[in-house]
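Structure below is upload27.pdb: PDB, C-alpha atoms, pLDDT in the B column.
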```pdb
ATOM      1  CA  MET A  17      10.210  11.946  35.145  1.00 70.00           C
ATOM      2  CA  PRO A  18      11.303   8.885  33.118  1.00 82.00           C
ATOM      3  CA  TYR A  19       8.917   7.526  30.521  1.00 86.00           C
ATOM      4  CA  GLU A  20       8.395   3.885  29.631  1.00 88.00           C
ATOM      5  CA  THR A  21       9.784   3.074  26.225  1.00 88.00           C
ATOM      6  CA  GLU A  22       9.283   0.245  23.785  1.00 88.00           C
ATOM      7  CA  SER A  23      11.336  -0.819  20.809  1.00 89.00           C
ATOM      8  CA  ARG A  24      10.739  -2.423  17.456  1.00 88.00           C
ATOM      9  CA  THR A  25      13.164  -4.092  15.074  1.00 89.00           C
ATOM     10  CA  PHE A  26      12.587  -5.133  11.488  1.00 82.00           C
ATOM     11  CA  THR A  27      14.555  -6.172   8.457  1.00 86.00           C
ATOM     12  CA  TRP A  28      14.063  -5.664   4.748  1.00 84.00           C
ATOM     13  CA  THR A  29      15.558  -6.405   1.372  1.00 83.00           C
ATOM     14  CA  THR A  30      17.008  -3.406  -0.440  1.00 81.00           C
ATOM     15  CA  PRO A  31      14.938  -2.619  -3.537  1.00 76.00           C
ATOM     16  CA  GLY A  32      16.768  -3.398  -6.761  1.00 70.00           C
ATOM     17  CA  GLN A  33      18.590  -6.416  -5.335  1.00 67.00           C
ATOM     18  CA  ALA A  34      16.107  -8.762  -6.997  1.00 64.00           C
ATOM     19  CA  ASP A  35      16.664  -9.933 -10.556  1.00 73.00           C
ATOM     20  CA  LEU A  36      15.617  -6.770 -12.408  1.00 76.00           C
ATOM     21  CA  SER A  37      15.416  -8.545 -15.758  1.00 81.00           C
ATOM     22  CA  ARG A  38      12.964 -11.031 -14.235  1.00 84.00           C
ATOM     23  CA  LEU A  39      10.895  -8.225 -12.765  1.00 82.00           C
ATOM     24  CA  LEU A  40      10.781  -6.413 -16.110  1.00 85.00           C
ATOM     25  CA  SER A  41       9.647  -9.581 -17.889  1.00 92.00           C
ATOM     26  CA  MET A  42       6.484  -9.792 -15.758  1.00 95.00           C
ATOM     27  CA  THR A  43       3.170  -7.966 -15.803  1.00 97.00           C
ATOM     28  CA  GLY A  44       2.349  -5.823 -12.784  1.00 97.00           C
ATOM     29  CA  LEU A  45      -0.040  -8.450 -11.458  1.00 98.00           C
ATOM     30  CA  GLU A  46       2.601 -11.149 -11.830  1.00 97.00           C
ATOM     31  CA  GLN A  47       5.111  -8.953  -9.960  1.00 95.00           C
ATOM     32  CA  LEU A  48       2.785  -8.485  -6.981  1.00 96.00           C
ATOM     33  CA  GLN A  49       1.815 -12.164  -6.985  1.00 97.00           C
ATOM     34  CA  ALA A  50       5.514 -13.124  -6.932  1.00 94.00           C
ATOM     35  CA  MET A  51       6.083 -10.762  -3.988  1.00 92.00           C
ATOM     36  CA  ARG A  52       3.124 -12.241  -2.097  1.00 94.00           C
ATOM     37  CA  ALA A  53       4.395 -15.782  -2.768  1.00 94.00           C
ATOM     38  CA  GLY A  54       7.865 -14.842  -1.445  1.00 89.00           C
ATOM     39  CA  GLU A  55       9.475 -15.406  -4.853  1.00 90.00           C
ATOM     40  CA  MET A  56      10.546 -11.746  -4.989  1.00 89.00           C
ATOM     41  CA  PRO A  57      11.100  -9.295  -2.124  1.00 88.00           C
ATOM     42  CA  HIS A  58       8.238  -7.027  -1.144  1.00 87.00           C
ATOM     43  CA  PRO A  59       8.732  -3.263  -0.688  1.00 88.00           C
ATOM     44  CA  PRO A  60      10.418  -2.190   2.599  1.00 90.00           C
ATOM     45  CA  ILE A  61       7.472   0.105   3.456  1.00 92.00           C
ATOM     46  CA  MET A  62       5.480  -3.034   4.245  1.00 92.00           C
ATOM     47  CA  ASP A  63       7.949  -3.904   7.021  1.00 91.00           C
ATOM     48  CA  THR A  64       8.375  -0.324   8.172  1.00 93.00           C
ATOM     49  CA  LEU A  65       4.655   0.108   8.845  1.00 95.00           C
ATOM     50  CA  GLY A  66       3.865  -3.490   9.752  1.00 94.00           C
ATOM     51  CA  PHE A  67       1.653  -4.561   6.842  1.00 95.00           C
ATOM     52  CA  THR A  68       0.634  -8.184   7.357  1.00 95.00           C
ATOM     53  CA  ASP A  69      -0.937  -9.015   3.997  1.00 96.00           C
ATOM     54  CA  LEU A  70      -1.196  -7.822   0.414  1.00 96.00           C
ATOM     55  CA  ARG A  71      -3.642  -9.699  -1.829  1.00 98.00           C
ATOM     56  CA  PRO A  72      -3.505  -8.669  -5.505  1.00 98.00           C
ATOM     57  CA  GLU A  73      -5.899  -9.522  -8.290  1.00 98.00           C
ATOM     58  CA  ALA A  74      -6.572  -7.793 -11.601  1.00 98.00           C
ATOM     59  CA  GLY A  75      -7.666  -4.212 -10.877  1.00 98.00           C
ATOM     60  CA  ARG A  76      -7.911  -4.772  -7.109  1.00 98.00           C
ATOM     61  CA  VAL A  77      -5.608  -5.076  -4.094  1.00 98.00           C
ATOM     62  CA  VAL A  78      -6.356  -5.667  -0.415  1.00 98.00           C
ATOM     63  CA  VAL A  79      -3.745  -4.606   2.156  1.00 98.00           C
ATOM     64  CA  GLU A  80      -3.956  -5.359   5.882  1.00 98.00           C
ATOM     65  CA  MET A  81      -2.203  -3.824   8.854  1.00 98.00           C
ATOM     66  CA  PRO A  82      -3.011  -3.974  12.559  1.00 98.00           C
ATOM     67  CA  ALA A  83      -3.193  -0.526  14.136  1.00 97.00           C
ATOM     68  CA  ALA A  84      -0.255  -0.186  16.538  1.00 96.00           C
ATOM     69  CA  GLU A  85       1.095   2.338  19.021  1.00 95.00           C
ATOM     70  CA  PHE A  86       4.188   2.966  16.898  1.00 95.00           C
ATOM     71  CA  HIS A  87       1.789   4.489  14.321  1.00 96.00           C
ATOM     72  CA  TYR A  88       0.599   7.106  16.827  1.00 96.00           C
ATOM     73  CA  ASN A  89       0.707  10.876  16.619  1.00 95.00           C
ATOM     74  CA  PRO A  90       1.285  12.938  19.809  1.00 95.00           C
ATOM     75  CA  LEU A  91      -2.433  12.810  20.709  1.00 94.00           C
ATOM     76  CA  GLY A  92      -2.658   9.003  20.747  1.00 94.00           C
ATOM     77  CA  GLY A  93      -4.237   8.211  17.393  1.00 96.00           C
ATOM     78  CA  VAL A  94      -2.842   6.609  14.266  1.00 97.00           C
ATOM     79  CA  HIS A  95      -1.034   9.370  12.352  1.00 98.00           C
ATOM     80  CA  GLY A  96      -2.773  10.621   9.209  1.00 97.00           C
ATOM     81  CA  GLY A  97       0.408   9.982   7.233  1.00 97.00           C
ATOM     82  CA  VAL A  98       0.275   6.288   8.138  1.00 98.00           C
ATOM     83  CA  ILE A  99      -3.384   6.110   7.092  1.00 98.00           C
ATOM     84  CA  SER A 100      -2.534   7.964   3.872  1.00 98.00           C
ATOM     85  CA  THR A 101       0.327   5.561   3.148  1.00 98.00           C
ATOM     86  CA  LEU A 102      -1.997   2.596   3.554  1.00 98.00           C
ATOM     87  CA  LEU A 103      -4.564   4.193   1.223  1.00 98.00           C
ATOM     88  CA  ASP A 104      -1.871   5.152  -1.306  1.00 98.00           C
ATOM     89  CA  THR A 105      -0.466   1.622  -1.258  1.00 98.00           C
ATOM     90  CA  ALA A 106      -3.825  -0.005  -1.945  1.00 98.00           C
ATOM     91  CA  ALA A 107      -4.878   2.456  -4.676  1.00 98.00           C
ATOM     92  CA  ALA A 108      -1.490   2.488  -6.413  1.00 98.00           C
ATOM     93  CA  CYS A 109      -1.027  -1.275  -6.187  1.00 98.00           C
ATOM     94  CA  ALA A 110      -4.462  -1.729  -7.776  1.00 98.00           C
ATOM     95  CA  VAL A 111      -3.092   0.270 -10.725  1.00 98.00           C
ATOM     96  CA  HIS A 112       0.123  -1.803 -10.529  1.00 98.00           C
ATOM     97  CA  THR A 113      -1.961  -4.929 -11.257  1.00 98.00           C
ATOM     98  CA  THR A 114      -2.965  -3.454 -14.633  1.00 98.00           C
ATOM     99  CA  LEU A 115       0.578  -2.863 -15.902  1.00 98.00           C
ATOM    100  CA  ALA A 116       1.699  -4.706 -19.007  1.00 97.00           C
ATOM    101  CA  VAL A 117       5.235  -6.011 -19.408  1.00 96.00           C
ATOM    102  CA  GLY A 118       7.469  -2.972 -19.955  1.00 93.00           C
ATOM    103  CA  GLU A 119       5.240  -0.454 -18.124  1.00 95.00           C
ATOM    104  CA  PHE A 120       5.971   1.481 -14.932  1.00 94.00           C
ATOM    105  CA  TYR A 121       3.847   3.981 -13.024  1.00 96.00           C
ATOM    106  CA  THR A 122       4.030   6.637 -10.361  1.00 96.00           C
ATOM    107  CA  SER A 123       1.434   8.417  -8.248  1.00 96.00           C
ATOM    108  CA  VAL A 124       0.473  11.892  -9.421  1.00 97.00           C
ATOM    109  CA  ASP A 125      -1.865  12.783  -6.561  1.00 98.00           C
ATOM    110  CA  LEU A 126      -3.708  11.389  -3.568  1.00 98.00           C
ATOM    111  CA  THR A 127      -6.850  12.907  -2.069  1.00 98.00           C
ATOM    112  CA  VAL A 128      -7.703  11.556   1.376  1.00 98.00           C
ATOM    113  CA  LYS A 129     -10.815  11.901   3.516  1.00 98.00           C
ATOM    114  CA  PHE A 130     -10.459  10.912   7.187  1.00 98.00           C
ATOM    115  CA  LEU A 131     -13.843   9.788   8.524  1.00 98.00           C
ATOM    116  CA  ARG A 132     -13.199   8.294  11.990  1.00 97.00           C
ATOM    117  CA  PRO A 133     -10.356   8.248  14.500  1.00 97.00           C
ATOM    118  CA  VAL A 134      -8.095   5.194  14.375  1.00 98.00           C
ATOM    119  CA  THR A 135      -6.369   3.725  17.462  1.00 97.00           C
ATOM    120  CA  VAL A 136      -5.074   0.316  18.527  1.00 97.00           C
ATOM    121  CA  ASP A 137      -8.668  -0.430  19.540  1.00 97.00           C
ATOM    122  CA  SER A 138      -9.563  -0.196  15.826  1.00 97.00           C
ATOM    123  CA  GLY A 139      -7.914  -3.600  15.383  1.00 97.00           C
ATOM    124  CA  LEU A 140      -6.959  -4.967  11.992  1.00 98.00           C
ATOM    125  CA  LEU A 141      -7.146  -2.271   9.320  1.00 98.00           C
ATOM    126  CA  THR A 142      -8.184  -3.538   5.894  1.00 98.00           C
ATOM    127  CA  CYS A 143      -7.671  -1.346   2.851  1.00 98.00           C
ATOM    128  CA  GLU A 144      -9.189  -2.241  -0.508  1.00 98.00           C
ATOM    129  CA  GLY A 145      -7.901  -0.463  -3.592  1.00 98.00           C
ATOM    130  CA  THR A 146      -9.677  -0.661  -6.938  1.00 98.00           C
ATOM    131  CA  VAL A 147      -9.080   0.819 -10.366  1.00 98.00           C
ATOM    132  CA  ILE A 148     -11.867   3.140 -11.463  1.00 98.00           C
ATOM    133  CA  GLN A 149     -10.492   3.886 -14.930  1.00 98.00           C
ATOM    134  CA  ARG A 150      -7.329   2.803 -16.728  1.00 98.00           C
ATOM    135  CA  GLY A 151      -6.202   4.708 -19.788  1.00 97.00           C
ATOM    136  CA  ARG A 152      -3.073   4.553 -21.900  1.00 96.00           C
ATOM    137  CA  ARG A 153      -1.129   7.143 -19.852  1.00 97.00           C
ATOM    138  CA  THR A 154      -3.125   7.621 -16.643  1.00 98.00           C
ATOM    139  CA  ALA A 155      -5.229   5.586 -14.256  1.00 98.00           C
ATOM    140  CA  LEU A 156      -7.706   6.620 -11.578  1.00 98.00           C
ATOM    141  CA  ALA A 157      -8.024   4.442  -8.489  1.00 98.00           C
ATOM    142  CA  GLN A 158      -9.739   4.571  -5.127  1.00 98.00           C
ATOM    143  CA  ALA A 159      -9.117   2.981  -1.742  1.00 98.00           C
ATOM    144  CA  GLN A 160     -11.359   2.383   1.248  1.00 98.00           C
ATOM    145  CA  LEU A 161      -9.970   1.720   4.725  1.00 98.00           C
ATOM    146  CA  THR A 162     -12.071  -0.152   7.269  1.00 98.00           C
ATOM    147  CA  ASP A 163     -11.406  -1.033  10.893  1.00 98.00           C
ATOM    148  CA  GLY A 164     -11.730  -4.422  12.580  1.00 97.00           C
ATOM    149  CA  LEU A 165     -15.506  -3.969  12.864  1.00 97.00           C
ATOM    150  CA  GLY A 166     -15.841  -3.197   9.150  1.00 98.00           C
ATOM    151  CA  LYS A 167     -16.519   0.524   9.698  1.00 98.00           C
ATOM    152  CA  LEU A 168     -15.194   2.874   7.009  1.00 98.00           C
ATOM    153  CA  VAL A 169     -12.504   5.071   8.616  1.00 98.00           C
ATOM    154  CA  ALA A 170     -10.924   6.746   5.561  1.00 98.00           C
ATOM    155  CA  HIS A 171     -11.259   6.951   1.779  1.00 98.00           C
ATOM    156  CA  ALA A 172      -8.922   8.140  -0.977  1.00 98.00           C
ATOM    157  CA  THR A 173      -8.690   8.644  -4.707  1.00 98.00           C
ATOM    158  CA  SER A 174      -5.440   8.630  -6.634  1.00 98.00           C
ATOM    159  CA  THR A 175      -4.265   9.408 -10.133  1.00 98.00           C
ATOM    160  CA  CYS A 176      -1.285   7.476 -11.454  1.00 98.00           C
ATOM    161  CA  MET A 177       0.848   8.213 -14.510  1.00 98.00           C
ATOM    162  CA  ILE A 178       1.798   5.194 -16.629  1.00 98.00           C
ATOM    163  CA  PHE A 179       4.926   5.221 -18.760  1.00 95.00           C
ATOM    164  CA  PRO A 180       7.135   2.757 -20.651  1.00 93.00           C
ATOM    165  CA  VAL A 181      10.324   1.394 -19.126  1.00 87.00           C
ATOM    166  CA  GLU A 182      13.258   3.171 -20.756  1.00 81.00           C
ATOM    167  CA  GLY A 183      16.452   1.343 -21.643  1.00 62.00           C
TER     168      GLY A 183
END
```
The structure in this file should be written as structure tokens.
Amino acid sequence: MPYETESRTFTWTTPGQADLSRLLSMTGLEQLQAMRAGEMPHPPIMDTLGFTDLRPEAGRVVVEMPAAEFHYNPLGGVHGGVISTLLDTAAACAVHTTLAVGEFYTSVDLTVKFLRPVTVDSGLLTCEGTVIQRGRRTALAQAQLTDGLGKLVAHATSTCMIFPVEG
């Protein structure tokens, strides 16, 4: 029995093609603001998953993405990995906003709690990431994901390691 299929096409800019010296001369908040303004390319994961907005401010980031069928697992709900990626993006980018010139970071862990099922009927997913504590070498952040009705569907905490740019 043939199944109906759909397709999706997207494009992206390869990371590292942007002026690296310019990127390294900016704070983390300035980097994300430049990406939002279209002055620097945003990460390809935003196109891959269909993120529609990323709003950075000091210690806080809001990311939006409409729930779509291409996010589905075999049972017809948005895959937990997609939800986790959205939560990780918001929490980690909140930490990104705190970086000084010459600092990088990477995620150390992500703890996710799934609270409600998510489907296309959930509408626009909004994920708010905030920094809980920022130290010299580590930062703790959280993210809350709500559906189009404002109901909390998932929550996460993340630890990030902060380190100086080498070379």
Write out as JSON, numbers by chain the residues lying within 12 Å of Val98 in chain A, counting all atoms listed in the file and excluding same-chain residues fewer than 3 positions away. {"A": [61, 62, 64, 65, 66, 67, 81, 82, 83, 84, 85, 86, 87, 88, 89, 93, 94, 95, 101, 102, 103, 104, 105, 128, 130, 134, 135, 141, 161, 170]}
The PyMOL selection byres ((chain A and resi 132) around 6) resolved against shown file, as a PyMOL selection string: chain A and resi 131+133+169
Each side padded by 6 Å, which centre and which edge lengths in Å (one decimal) define the axis-aligned box around the listed atoms of range 56-73 of chain A? Give them as lines of an AutoDock Vina configuration file.
```
center_x = 2.6
center_y = -5.8
center_z = 0.7
size_x = 29.0
size_y = 23.9
size_z = 30.0
```
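CA of Asp137 in chain A is positioned 26.8 Å from CA of Pro59 in chain A.
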Quick one: of A:Gly32, A:Pro90, A:Gly44, A:Pro180, who's nearest to Glu119 in chain A, counting all atoms listed in the file? A:Pro180
For Gly139 in chain A, which residue out of A:Arg71, A:Leu115, A:Gly164, A:Ala159 is the nearest one, using only C-alpha atoms?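 Under the stated criterion, the closest residue is A:Gly164.
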If you apply the PyMOL selection byres ((chain A and resi 173-178) around 12) to this file, what residues do you get, as an NGL selection string? :A and (44 or 100-101 or 103-112 or 114-116 or 118-129 or 144-161 or 170-172 or 179-181)
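Note that CA of Asp69 in chain A and CA of Asp163 in chain A are 14.9 Å apart.
Nearest residue to Pro57 in chain A, choosing from A:Thr29, A:Lys167, A:Glu22, A:Gly92 and counting only C-alpha atoms: A:Thr29.
Counting all atoms listed in the file and comparing A:Leu165, A:Glu20, A:Thr113, A:Glu55, the residue that lies closest to Ala74 in chain A is A:Thr113.
With CA of Gly54 in chain A on one side and CA of Trp28 in chain A on the other, the separation reads 12.7 Å.
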Could you spell out the hits of the PyMOL selection byres ((chain A and resi 47) around 10) on the shown file, as JSON, numbers by chain? {"A": [38, 39, 40, 41, 42, 43, 44, 45, 46, 48, 49, 50, 51, 52, 53, 55, 56, 57, 58, 72, 112, 113, 115, 117]}
